[in-house]
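Below is final16.cif, holding mmCIF, C-alpha atoms.
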data_model
loop_
_atom_site.label_atom_id
_atom_site.label_comp_id
_atom_site.auth_asym_id
_atom_site.auth_seq_id
_atom_site.Cartn_x
_atom_site.Cartn_y
_atom_site.Cartn_z
CA MET A 129 -55.81 -31.38 16.28
CA LYS A 130 -58.41 -33.08 14.11
CA LYS A 131 -61.85 -33.59 15.62
CA ARG A 132 -63.68 -36.86 16.10
CA LYS A 133 -67.36 -37.48 16.77
CA LEU A 134 -68.52 -39.45 19.79
CA GLY A 135 -71.99 -40.78 19.14
CA SER A 136 -74.54 -39.24 16.83
CA GLN A 137 -75.95 -36.59 19.17
CA GLY A 138 -73.43 -33.86 18.29
CA LEU A 139 -70.50 -34.44 20.66
CA GLU A 140 -67.24 -33.62 18.90
CA VAL A 141 -63.78 -33.51 20.50
CA GLY A 142 -60.12 -33.61 19.61
CA ALA A 143 -58.72 -37.00 18.59
CA ILE A 144 -56.81 -37.41 21.88
CA GLY A 145 -58.13 -36.29 25.25
CA LEU A 146 -56.54 -36.04 28.67
CA GLY A 147 -57.26 -38.29 31.62
CA CYS A 148 -56.91 -36.17 34.76
CA MET A 149 -57.17 -38.73 37.59
CA GLY A 150 -53.42 -38.97 38.16
CA MET A 151 -53.27 -35.27 38.96
CA SER A 152 -55.04 -36.03 42.24
CA GLN A 153 -54.40 -39.69 43.11
CA SER A 154 -52.89 -43.08 42.30
CA TYR A 155 -49.61 -42.01 40.71
CA GLY A 156 -47.61 -40.31 43.42
CA PRO A 157 -47.91 -36.90 45.08
CA ALA A 158 -50.02 -34.15 43.57
CA ASP A 159 -48.49 -30.96 42.18
CA GLU A 160 -51.26 -28.45 41.62
CA ALA A 161 -49.14 -25.86 39.84
CA GLU A 162 -47.76 -28.35 37.31
CA SER A 163 -51.19 -29.94 36.85
CA ILE A 164 -52.81 -26.61 36.04
CA ALA A 165 -49.95 -25.75 33.70
CA THR A 166 -50.50 -29.12 31.99
CA LEU A 167 -54.23 -28.47 31.60
CA HIS A 168 -53.58 -25.04 30.10
CA ARG A 169 -50.88 -26.42 27.80
CA ALA A 170 -53.33 -29.05 26.57
CA ILE A 171 -55.69 -26.33 25.38
CA GLU A 172 -52.83 -24.54 23.62
CA LEU A 173 -52.03 -27.75 21.73
CA GLY A 174 -55.61 -28.32 20.60
CA CYS A 175 -56.60 -30.91 23.20
CA ASP A 176 -60.09 -29.98 24.41
CA PHE A 177 -61.46 -33.18 26.05
CA PHE A 178 -60.80 -33.62 29.77
CA ASP A 179 -61.84 -36.58 31.92
CA THR A 180 -62.51 -36.43 35.65
CA ALA A 181 -64.90 -37.98 38.22
CA GLU A 182 -66.41 -37.24 41.61
CA ASN A 183 -64.40 -40.04 43.19
CA TYR A 184 -61.00 -38.87 41.89
CA GLY A 185 -59.46 -37.56 45.06
CA PRO A 186 -62.29 -37.93 45.91
CA PHE A 187 -63.76 -34.60 44.80
CA THR A 188 -60.43 -32.77 44.55
CA ASN A 189 -59.86 -33.55 40.86
CA GLU A 190 -63.09 -31.86 39.82
CA SER A 191 -62.12 -28.86 41.96
CA LEU A 192 -58.74 -28.75 40.23
CA LEU A 193 -60.38 -28.62 36.80
CA GLY A 194 -62.82 -26.00 38.01
CA LYS A 195 -59.94 -23.79 39.10
CA ALA A 196 -57.99 -24.36 35.88
CA PHE A 197 -60.90 -23.82 33.50
CA LYS A 198 -63.02 -21.16 35.19
CA ASP A 199 -61.89 -18.54 32.64
CA ARG A 200 -61.56 -21.02 29.75
CA ARG A 201 -64.86 -22.91 29.95
CA ASP A 202 -65.81 -22.30 26.33
CA GLN A 203 -62.57 -23.93 25.16
CA VAL A 204 -63.02 -27.29 26.87
CA VAL A 205 -65.28 -30.36 26.90
CA ILE A 206 -65.51 -31.75 30.41
CA ALA A 207 -66.50 -35.34 31.16
CA THR A 208 -67.19 -36.43 34.72
CA LYS A 209 -68.76 -39.45 36.40
CA PHE A 210 -71.23 -40.38 39.12
CA GLY A 211 -72.15 -43.62 40.81
CA SER A 212 -70.12 -44.05 43.99
CA ARG A 213 -71.43 -44.14 47.55
CA PHE A 214 -69.22 -42.46 50.14
CA ASP A 215 -68.64 -42.57 53.85
CA GLY A 216 -66.85 -39.26 54.23
CA ASP A 217 -64.03 -39.44 51.68
CA THR A 218 -64.08 -43.23 51.44
CA ILE A 219 -65.86 -45.09 48.63
CA VAL A 220 -68.01 -47.77 50.22
CA GLY A 221 -70.18 -48.93 47.32
CA MET A 222 -72.34 -47.90 44.40
CA ASP A 223 -75.27 -45.46 44.33
CA SER A 224 -76.96 -44.69 41.02
CA ARG A 225 -80.43 -44.02 42.40
CA PRO A 226 -82.01 -41.23 40.32
CA GLU A 227 -82.32 -38.92 43.33
CA ASN A 228 -78.62 -39.42 44.10
CA ILE A 229 -77.63 -38.69 40.50
CA VAL A 230 -79.37 -35.30 40.77
CA ARG A 231 -77.61 -34.54 44.06
CA VAL A 232 -74.21 -35.62 42.77
CA VAL A 233 -74.50 -33.55 39.60
CA ASP A 234 -75.19 -30.42 41.62
CA GLY A 235 -72.00 -31.09 43.57
CA CYS A 236 -70.03 -31.72 40.38
CA LEU A 237 -71.24 -28.45 38.88
CA GLN A 238 -70.22 -26.56 41.98
CA ARG A 239 -66.73 -28.07 42.07
CA LEU A 240 -66.23 -27.63 38.33
CA GLN A 241 -67.41 -24.00 38.56
CA THR A 242 -69.74 -24.43 35.61
CA ASP A 243 -73.46 -24.58 34.83
CA HIS A 244 -73.29 -27.71 32.69
CA ILE A 245 -71.42 -30.99 32.28
CA ASP A 246 -70.59 -31.85 28.69
CA LEU A 247 -70.47 -35.64 29.10
CA LEU A 248 -71.83 -37.39 32.19
CA TYR A 249 -70.91 -41.04 32.69
CA GLN A 250 -72.20 -43.63 35.10
CA HIS A 251 -68.83 -44.68 36.53
CA ARG A 252 -69.70 -48.31 37.23
CA LEU A 253 -72.89 -50.29 36.97
CA ASP A 254 -75.06 -50.24 40.10
CA ARG A 255 -76.66 -53.67 40.05
CA SER A 256 -79.36 -52.53 42.49
CA VAL A 257 -80.72 -49.86 40.11
CA PRO A 258 -82.16 -50.71 36.68
CA ILE A 259 -80.07 -49.11 33.96
CA GLU A 260 -83.30 -47.73 32.47
CA ASP A 261 -83.78 -45.64 35.62
CA VAL A 262 -80.23 -44.33 35.33
CA ALA A 263 -80.69 -43.38 31.68
CA GLY A 264 -84.01 -41.71 32.45
CA ALA A 265 -82.49 -39.64 35.25
CA VAL A 266 -79.64 -38.44 33.06
CA GLY A 267 -82.11 -37.73 30.26
CA ARG A 268 -84.03 -35.40 32.56
CA LEU A 269 -80.80 -33.60 33.44
CA VAL A 270 -80.17 -33.17 29.71
CA GLU A 271 -83.63 -31.63 29.34
CA ARG A 272 -82.83 -29.21 32.18
CA GLY A 273 -79.55 -28.16 30.53
CA LYS A 274 -77.31 -29.41 33.32
CA VAL A 275 -75.87 -32.18 31.13
CA ARG A 276 -75.26 -32.25 27.38
CA PHE A 277 -74.46 -35.92 26.64
CA PHE A 278 -74.83 -39.30 28.39
CA GLY A 279 -72.10 -41.89 28.74
CA LEU A 280 -71.50 -45.25 30.40
CA SER A 281 -68.33 -46.88 31.70
CA GLU A 282 -67.34 -50.55 31.65
CA VAL A 283 -70.82 -51.92 30.90
CA GLY A 284 -71.60 -54.96 28.80
CA VAL A 285 -73.68 -55.16 25.64
CA ALA A 286 -77.02 -55.96 27.30
CA ASN A 287 -76.98 -52.96 29.63
CA LEU A 288 -75.61 -50.73 26.90
CA ARG A 289 -78.59 -51.58 24.69
CA ARG A 290 -81.10 -51.15 27.52
CA ALA A 291 -79.76 -47.73 28.45
CA HIS A 292 -79.52 -46.54 24.85
CA ALA A 293 -83.18 -47.45 24.27
CA VAL A 294 -84.21 -44.98 27.01
CA HIS A 295 -81.79 -42.12 26.34
CA PRO A 296 -79.09 -42.04 23.63
CA VAL A 297 -75.64 -43.01 24.85
CA SER A 298 -72.96 -40.92 23.15
CA ALA A 299 -69.87 -42.67 24.51
CA LEU A 300 -68.73 -45.76 26.32
CA GLN A 301 -65.60 -45.41 28.41
CA SER A 302 -63.72 -48.67 28.94
CA GLU A 303 -60.16 -49.87 29.20
CA TYR A 304 -58.87 -50.61 25.71
CA SER A 305 -55.31 -50.76 24.47
CA LEU A 306 -52.70 -53.12 23.10
CA TRP A 307 -52.62 -54.31 26.71
CA GLU A 308 -56.34 -54.97 27.04
CA ARG A 309 -58.42 -56.03 24.02
CA ASN A 310 -61.48 -57.55 25.67
CA LEU A 311 -63.79 -55.11 23.86
CA GLU A 312 -63.06 -56.43 20.39
CA PRO A 313 -65.29 -59.52 20.14
CA GLU A 314 -68.63 -58.03 21.24
CA ILE A 315 -68.48 -54.50 22.65
CA ILE A 316 -66.96 -52.63 19.71
CA PRO A 317 -69.31 -54.23 17.13
CA ALA A 318 -72.29 -53.25 19.33
CA LEU A 319 -71.01 -49.69 19.67
CA ARG A 320 -70.77 -49.34 15.91
CA GLU A 321 -74.19 -50.84 15.38
CA LEU A 322 -75.70 -48.33 17.82
CA GLY A 323 -73.59 -45.35 16.75
CA ILE A 324 -71.82 -44.93 20.10
CA GLY A 325 -68.26 -43.64 20.43
CA LEU A 326 -65.50 -45.33 22.43
CA VAL A 327 -63.28 -43.53 24.94
CA PRO A 328 -60.42 -45.86 25.96
CA PHE A 329 -58.91 -45.18 29.36
CA CYS A 330 -55.48 -46.52 30.32
CA PRO A 331 -54.53 -46.60 26.62
CA LEU A 332 -50.88 -46.96 27.65
CA GLY A 333 -51.44 -49.90 29.99
CA ARG A 334 -51.03 -47.70 33.09
CA GLY A 335 -47.69 -46.62 31.71
CA PHE A 336 -46.29 -50.04 30.80
CA LEU A 337 -46.54 -49.34 27.07
CA ALA A 338 -44.77 -46.01 27.48
CA GLY A 339 -41.52 -47.72 28.49
CA GLY A 340 -39.27 -46.99 31.44
CA VAL A 341 -41.36 -49.21 33.72
CA LYS A 342 -40.30 -50.82 36.97
CA ARG A 343 -41.45 -53.80 38.96
CA ALA A 344 -44.44 -53.25 41.25
CA GLU A 345 -42.35 -53.21 44.42
CA ALA A 346 -40.17 -50.39 43.06
CA TYR A 347 -43.10 -47.96 43.10
CA PRO A 348 -44.05 -46.03 46.25
CA GLU A 349 -46.97 -47.05 48.45
CA ASP A 350 -49.26 -44.38 46.99
CA ASP A 351 -48.74 -45.52 43.37
CA THR A 352 -51.44 -47.83 41.97
CA ARG A 353 -48.90 -49.78 39.95
CA ARG A 354 -47.62 -51.28 43.19
CA ILE A 355 -50.78 -53.44 43.34
CA ASP A 356 -51.21 -53.96 39.59
CA PRO A 357 -50.98 -57.71 38.85
CA ARG A 358 -49.33 -57.02 35.49
CA TYR A 359 -46.40 -55.32 37.17
CA GLN A 360 -45.79 -58.16 39.62
CA GLY A 361 -43.44 -61.17 39.61
CA THR A 362 -43.30 -63.36 36.53
CA ASN A 363 -46.15 -61.35 34.97
CA TYR A 364 -43.81 -58.39 34.77
CA ASP A 365 -41.12 -60.40 32.98
CA ALA A 366 -43.55 -61.86 30.45
CA ASN A 367 -45.22 -58.51 29.78
CA LEU A 368 -41.94 -56.71 29.27
CA GLN A 369 -41.12 -59.24 26.57
CA ALA A 370 -44.59 -58.95 24.98
CA ALA A 371 -44.29 -55.17 24.82
CA ARG A 372 -40.90 -55.34 23.15
CA VAL A 373 -42.43 -54.94 19.69
CA VAL A 374 -43.82 -51.53 20.67
CA PHE A 375 -40.41 -50.41 21.88
CA ASP A 376 -38.72 -51.74 18.74
CA ILE A 377 -41.08 -49.96 16.34
CA ALA A 378 -40.69 -46.74 18.30
CA ALA A 379 -36.91 -46.96 18.00
CA GLU A 380 -37.12 -47.70 14.27
CA GLN A 381 -39.35 -44.68 13.64
CA GLY A 382 -37.68 -42.28 16.04
CA ILE A 383 -40.81 -41.79 18.14
CA THR A 384 -41.82 -42.81 21.64
CA PRO A 385 -43.43 -46.13 22.59
CA ALA A 386 -46.43 -44.19 23.89
CA GLN A 387 -46.89 -42.61 20.47
CA VAL A 388 -46.86 -46.05 18.85
CA ALA A 389 -49.48 -47.38 21.27
CA LEU A 390 -51.74 -44.37 20.81
CA ALA A 391 -51.36 -44.37 17.03
CA TRP A 392 -52.40 -48.05 17.00
CA LEU A 393 -55.57 -47.16 18.89
CA LEU A 394 -56.39 -44.20 16.67
CA CYS A 395 -56.13 -46.30 13.53
CA LYS A 396 -58.76 -48.70 14.89
CA GLY A 397 -61.55 -46.27 14.01
CA ASP A 398 -62.55 -42.61 13.81
CA ASP A 399 -65.06 -43.23 16.59
CA ILE A 400 -62.27 -43.85 19.14
CA VAL A 401 -60.86 -41.07 21.35
CA PRO A 402 -58.24 -42.29 23.85
CA ILE A 403 -57.60 -40.34 27.05
CA PRO A 404 -54.01 -41.02 28.17
CA GLY A 405 -53.43 -39.68 31.64
CA THR A 406 -50.55 -37.51 32.74
CA LYS A 407 -49.86 -34.71 35.19
CA ARG A 408 -46.80 -33.33 33.41
CA ARG A 409 -46.50 -31.08 30.36
CA SER A 410 -43.60 -33.04 28.89
CA TYR A 411 -45.59 -36.30 28.67
CA LEU A 412 -48.68 -34.48 27.47
CA GLU A 413 -46.75 -32.96 24.58
CA GLU A 414 -45.31 -36.35 23.62
CA ASN A 415 -48.71 -38.05 23.76
CA LEU A 416 -50.52 -35.48 21.63
CA VAL A 417 -48.00 -35.90 18.80
CA ALA A 418 -49.51 -39.37 18.33
CA ALA A 419 -52.48 -37.76 16.59
CA ASP A 420 -50.15 -37.18 13.61
CA VAL A 421 -48.32 -40.54 13.71
CA ARG A 422 -49.22 -43.01 10.97
CA LEU A 423 -48.38 -46.69 11.31
CA ASP A 424 -48.09 -48.62 8.07
CA GLU A 425 -49.87 -51.90 7.56
CA ALA A 426 -46.76 -53.96 8.23
CA ASP A 427 -46.09 -52.32 11.60
CA THR A 428 -49.71 -52.61 12.61
CA GLN A 429 -49.63 -56.31 11.79
CA ARG A 430 -46.40 -56.81 13.76
CA ILE A 431 -48.05 -55.26 16.78
CA ASP A 432 -51.26 -57.25 16.40
CA ASP A 433 -49.33 -60.50 16.05
CA ALA A 434 -47.15 -59.86 19.10
CA LEU A 435 -49.95 -58.64 21.36
CA VAL A 436 -52.87 -60.83 20.38
CA PRO A 437 -55.71 -60.95 22.91
CA GLY A 438 -54.65 -63.12 25.82
CA SER A 439 -50.93 -62.54 25.36
CA VAL A 440 -50.62 -60.27 28.40
CA SER A 441 -49.95 -61.95 31.74
CA GLY A 442 -52.04 -61.11 34.78
CA ASN A 443 -55.44 -59.50 35.27
CA ARG A 444 -55.83 -55.80 34.67
CA TYR A 445 -57.21 -55.33 38.18
CA ALA A 446 -57.29 -57.10 41.49
CA ASP A 447 -60.23 -59.51 41.76
CA TRP A 448 -62.37 -57.21 43.93
CA ILE A 449 -62.19 -54.45 41.29
CA LEU A 450 -62.91 -56.85 38.43
CA ALA A 451 -66.12 -57.80 40.24
CA THR A 452 -67.45 -54.25 39.66
CA ILE A 453 -67.14 -54.50 35.88
CA ASP A 454 -70.16 -55.54 33.80
CA ARG A 455 -68.82 -58.28 31.53
#
Please go through the file and, once you have read it, give me the structure as structure tokens.
Amino acid sequence: MKKRKLGSQGLEVGAIGLGCMGMSQSYGPADEAESIATLHRAIELGCDFFDTAENYGPFTNESLLGKAFKDRRDQVVIATKFGSRFDGDTIVGMDSRPENIVRVVDGCLQRLQTDHIDLLYQHRLDRSVPIEDVAGAVGRLVERGKVRFFGLSEVGVANLRRAHAVHPVSALQSEYSLWERNLEPEIIPALRELGIGLVPFCPLGRGFLAGGVKRAEAYPEDDTRRIDPRYQGTNYDANLQAARVVFDIAAEQGITPAQVALAWLLCKGDDIVPIPGTKRRSYLEENLVAADVRLDEADTQRIDDALVPGSVSGNRYADWILATIDR
């Protein structure tokens, strides 16, 4: 797989990474054996960029990666995230105080069975802690060799600039896809001005753009799509129609809808590395093929015209989650 650079500090990864959250939560029961087989298969196929977080599980997803990669550490780039406050295993708020960042990183290192984190993100903005303090704390961890690169997730332009002025930000992780294009007016231009890479999560619209979707109520209680506004009621009907162009192009080219959606993202810039999530080898293999798919100008325009910003019905999150995002 061809490499792409994230930021200008030296971070380089394969063009498509792997989001690992679903191996431990949100998308049905966990299957450790299949998850580890999927992680190992990713390496075999040239995928070297793996995304986790302390609050996936919580904690169990990092432990899964630690188990899978303990004898393959030099073959992988691991990204994890800090910033949640816990009461036991329940997330009860944000905590990006510098002293907590240090404590959390030590826990991440232990669970990941490694002596360094390749890319450390602040998971969500903590409005009680100046972003300069967060950047400074991560910078000190970089100096100590516990962290290689600094990232942010779902922050706006102002906080991105403030953090970058204290310690270089290599990557911003935010939701970006045909389904969610809110980054295009301001965020992406700022990233390119500052030389910061973009790591889109949910590049397949939580599976909607991969096809074979069902209404929210058809998913089990432990599946996050059950509460996703875009899978509910009339939103579902409208969105299925909007996504039809992706399905049509896939059928015309003999590829999967997921490959079309990922190829569209990849053609938006060499500084973009999507991290589609899966816990199964079959879907992983399909997704990684997208690195070699080329959409012509006509198909790209058809997609852009059909899925212009604002064409998708329903918010991407429930209101209480949207309130945690810095926009």
(message) Counting only C-alpha atoms, which residue out of A:Ala371, A:Leu139, A:Leu393, A:Ile164 sits closest to Ala196 in chain A?
(response) A:Ile164
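Candidate residues A:Ile400, A:Arg132, A:Arg231, A:Ala158 were compared for distance to Asp350 in chain A, and the nearest is A:Ala158, using all atoms listed in the file.
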(request) Can you give me, as JSON, numbers by chain, the residues this file yields under the PyMOL selection byres ((chain A and resi 294-298) around 9)? (result) {"A": [134, 135, 136, 137, 138, 139, 247, 260, 261, 263, 264, 266, 267, 277, 278, 279, 280, 288, 289, 290, 291, 292, 293, 299, 300, 322, 323, 324, 325, 326]}
Using the chain letters and numbers from the file, give me the residues hit by the PyMOL selection byres ((chain A and resi 149-157) around 10), as a PDB file with C-alpha atoms, in the frame of the given file.
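What landed in selection.pdb:
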ATOM      1  CA  LEU A 146     -56.540 -36.040  28.670  1.00  0.00           C
ATOM      2  CA  GLY A 147     -57.260 -38.290  31.620  1.00  0.00           C
ATOM      3  CA  CYS A 148     -56.910 -36.170  34.760  1.00  0.00           C
ATOM      4  CA  ALA A 158     -50.020 -34.150  43.570  1.00  0.00           C
ATOM      5  CA  ASP A 159     -48.490 -30.960  42.180  1.00  0.00           C
ATOM      6  CA  GLU A 160     -51.260 -28.450  41.620  1.00  0.00           C
ATOM      7  CA  GLU A 162     -47.760 -28.350  37.310  1.00  0.00           C
ATOM      8  CA  SER A 163     -51.190 -29.940  36.850  1.00  0.00           C
ATOM      9  CA  ILE A 164     -52.810 -26.610  36.040  1.00  0.00           C
ATOM     10  CA  THR A 166     -50.500 -29.120  31.990  1.00  0.00           C
ATOM     11  CA  ASP A 179     -61.840 -36.580  31.920  1.00  0.00           C
ATOM     12  CA  THR A 180     -62.510 -36.430  35.650  1.00  0.00           C
ATOM     13  CA  ALA A 181     -64.900 -37.980  38.220  1.00  0.00           C
ATOM     14  CA  ASN A 183     -64.400 -40.040  43.190  1.00  0.00           C
ATOM     15  CA  TYR A 184     -61.000 -38.870  41.890  1.00  0.00           C
ATOM     16  CA  GLY A 185     -59.460 -37.560  45.060  1.00  0.00           C
ATOM     17  CA  PRO A 186     -62.290 -37.930  45.910  1.00  0.00           C
ATOM     18  CA  PHE A 187     -63.760 -34.600  44.800  1.00  0.00           C
ATOM     19  CA  THR A 188     -60.430 -32.770  44.550  1.00  0.00           C
ATOM     20  CA  ASN A 189     -59.860 -33.550  40.860  1.00  0.00           C
ATOM     21  CA  GLU A 190     -63.090 -31.860  39.820  1.00  0.00           C
ATOM     22  CA  LEU A 192     -58.740 -28.750  40.230  1.00  0.00           C
ATOM     23  CA  LEU A 193     -60.380 -28.620  36.800  1.00  0.00           C
ATOM     24  CA  ARG A 334     -51.030 -47.700  33.090  1.00  0.00           C
ATOM     25  CA  TYR A 347     -43.100 -47.960  43.100  1.00  0.00           C
ATOM     26  CA  PRO A 348     -44.050 -46.030  46.250  1.00  0.00           C
ATOM     27  CA  GLU A 349     -46.970 -47.050  48.450  1.00  0.00           C
ATOM     28  CA  ASP A 350     -49.260 -44.380  46.990  1.00  0.00           C
ATOM     29  CA  ASP A 351     -48.740 -45.520  43.370  1.00  0.00           C
ATOM     30  CA  THR A 352     -51.440 -47.830  41.970  1.00  0.00           C
ATOM     31  CA  ARG A 353     -48.900 -49.780  39.950  1.00  0.00           C
ATOM     32  CA  ARG A 354     -47.620 -51.280  43.190  1.00  0.00           C
ATOM     33  CA  GLY A 405     -53.430 -39.680  31.640  1.00  0.00           C
ATOM     34  CA  THR A 406     -50.550 -37.510  32.740  1.00  0.00           C
ATOM     35  CA  LYS A 407     -49.860 -34.710  35.190  1.00  0.00           C
ATOM     36  CA  ARG A 408     -46.800 -33.330  33.410  1.00  0.00           C
TER      37      ARG A 408
END
(request) Write out as a ChimeraX atom specification which residues come within 9 Å of Leu253 in chain A when counting only C-alpha atoms, dropping same-chain ones fewer than 2 positions away. (result) /A:211,222,224,250-251,255-257,259,280-283,287,452-454
With C-alpha atoms retained, could you export that selection as a PDB file, in the coordinates of the input?
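The result, written out as part-v2.pdb:
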ATOM      1  CA  GLY A 211     -72.150 -43.620  40.810  1.00  0.00           C
ATOM      2  CA  MET A 222     -72.340 -47.900  44.400  1.00  0.00           C
ATOM      3  CA  SER A 224     -76.960 -44.690  41.020  1.00  0.00           C
ATOM      4  CA  GLN A 250     -72.200 -43.630  35.100  1.00  0.00           C
ATOM      5  CA  HIS A 251     -68.830 -44.680  36.530  1.00  0.00           C
ATOM      6  CA  ARG A 255     -76.660 -53.670  40.050  1.00  0.00           C
ATOM      7  CA  SER A 256     -79.360 -52.530  42.490  1.00  0.00           C
ATOM      8  CA  VAL A 257     -80.720 -49.860  40.110  1.00  0.00           C
ATOM      9  CA  ILE A 259     -80.070 -49.110  33.960  1.00  0.00           C
ATOM     10  CA  LEU A 280     -71.500 -45.250  30.400  1.00  0.00           C
ATOM     11  CA  SER A 281     -68.330 -46.880  31.700  1.00  0.00           C
ATOM     12  CA  GLU A 282     -67.340 -50.550  31.650  1.00  0.00           C
ATOM     13  CA  VAL A 283     -70.820 -51.920  30.900  1.00  0.00           C
ATOM     14  CA  ASN A 287     -76.980 -52.960  29.630  1.00  0.00           C
ATOM     15  CA  THR A 452     -67.450 -54.250  39.660  1.00  0.00           C
ATOM     16  CA  ILE A 453     -67.140 -54.500  35.880  1.00  0.00           C
ATOM     17  CA  ASP A 454     -70.160 -55.540  33.800  1.00  0.00           C
TER      18      ASP A 454
END
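Shell of Val388 in chain A at 9 Å, with all atoms listed in the file counted and residues fewer than 3 places along the chain excluded, is A:Leu337, A:Ala338, A:Val374, A:Phe375, A:Ile377, A:Ala378, A:Ile383, A:Thr384, A:Pro385, A:Ala391, A:Trp392, A:Leu393, A:Ala418, A:Val421, A:Arg422, A:Leu423.
Going from CA of Glu271 in chain A over to CA of Lys209 in chain A, you cover 18.2 Å.
Computed from the coordinates, the CA of Val262 in chain A to CA of Asp246 in chain A distance equals 17.1 Å.
Of the listed residues A:Gly382, A:Gly221, A:Pro402, A:Gly235, the one whose atoms come nearest to Gly194 in chain A is A:Gly235, with distances taken using all atoms listed in the file.
Note that the spacing between CA of Arg169 in chain A and CA of Ala379 in chain A amounts to 26.7 Å.
Compared by their closest atoms to Ser212 in chain A, and using all atoms listed in the file, the residues A:Ile229, A:Val373, A:Ala419, A:Leu412 rank with A:Ile229 nearest.
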(message) My list of candidates is A:Ala161, A:Leu269, A:Ile403, A:Val285. Which is closest to Ile315 in chain A when distances are computed with only C-alpha atoms?
(response) A:Val285
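Taking all atoms listed in the file, the non-local environment of Asp199 in chain A within 12 Å (same-chain residues fewer than 6 positions away omitted) comprises His168, Leu193, Leu240, Gln241 and Thr242 of chain A.
Put simply, the PyMOL selection byres ((chain A and resi 434) around 12) in this file takes in Leu306, Trp307, Asn367, Leu368, Gln369, Ala370, Ala371, Arg372, Val373, Val374, Phe375, Asp376, Ile377, Asp427, Thr428, Gln429, Arg430, Ile431, Asp432, Asp433, Leu435, Val436, Pro437, Gly438, Ser439 and Val440 of chain A.
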(message) My list of candidates is A:Lys396, A:Arg358, A:Arg320, A:Lys342. Which is closest to Ser441 in chain A when distances are computed with all atoms listed in the file?
(response) A:Arg358
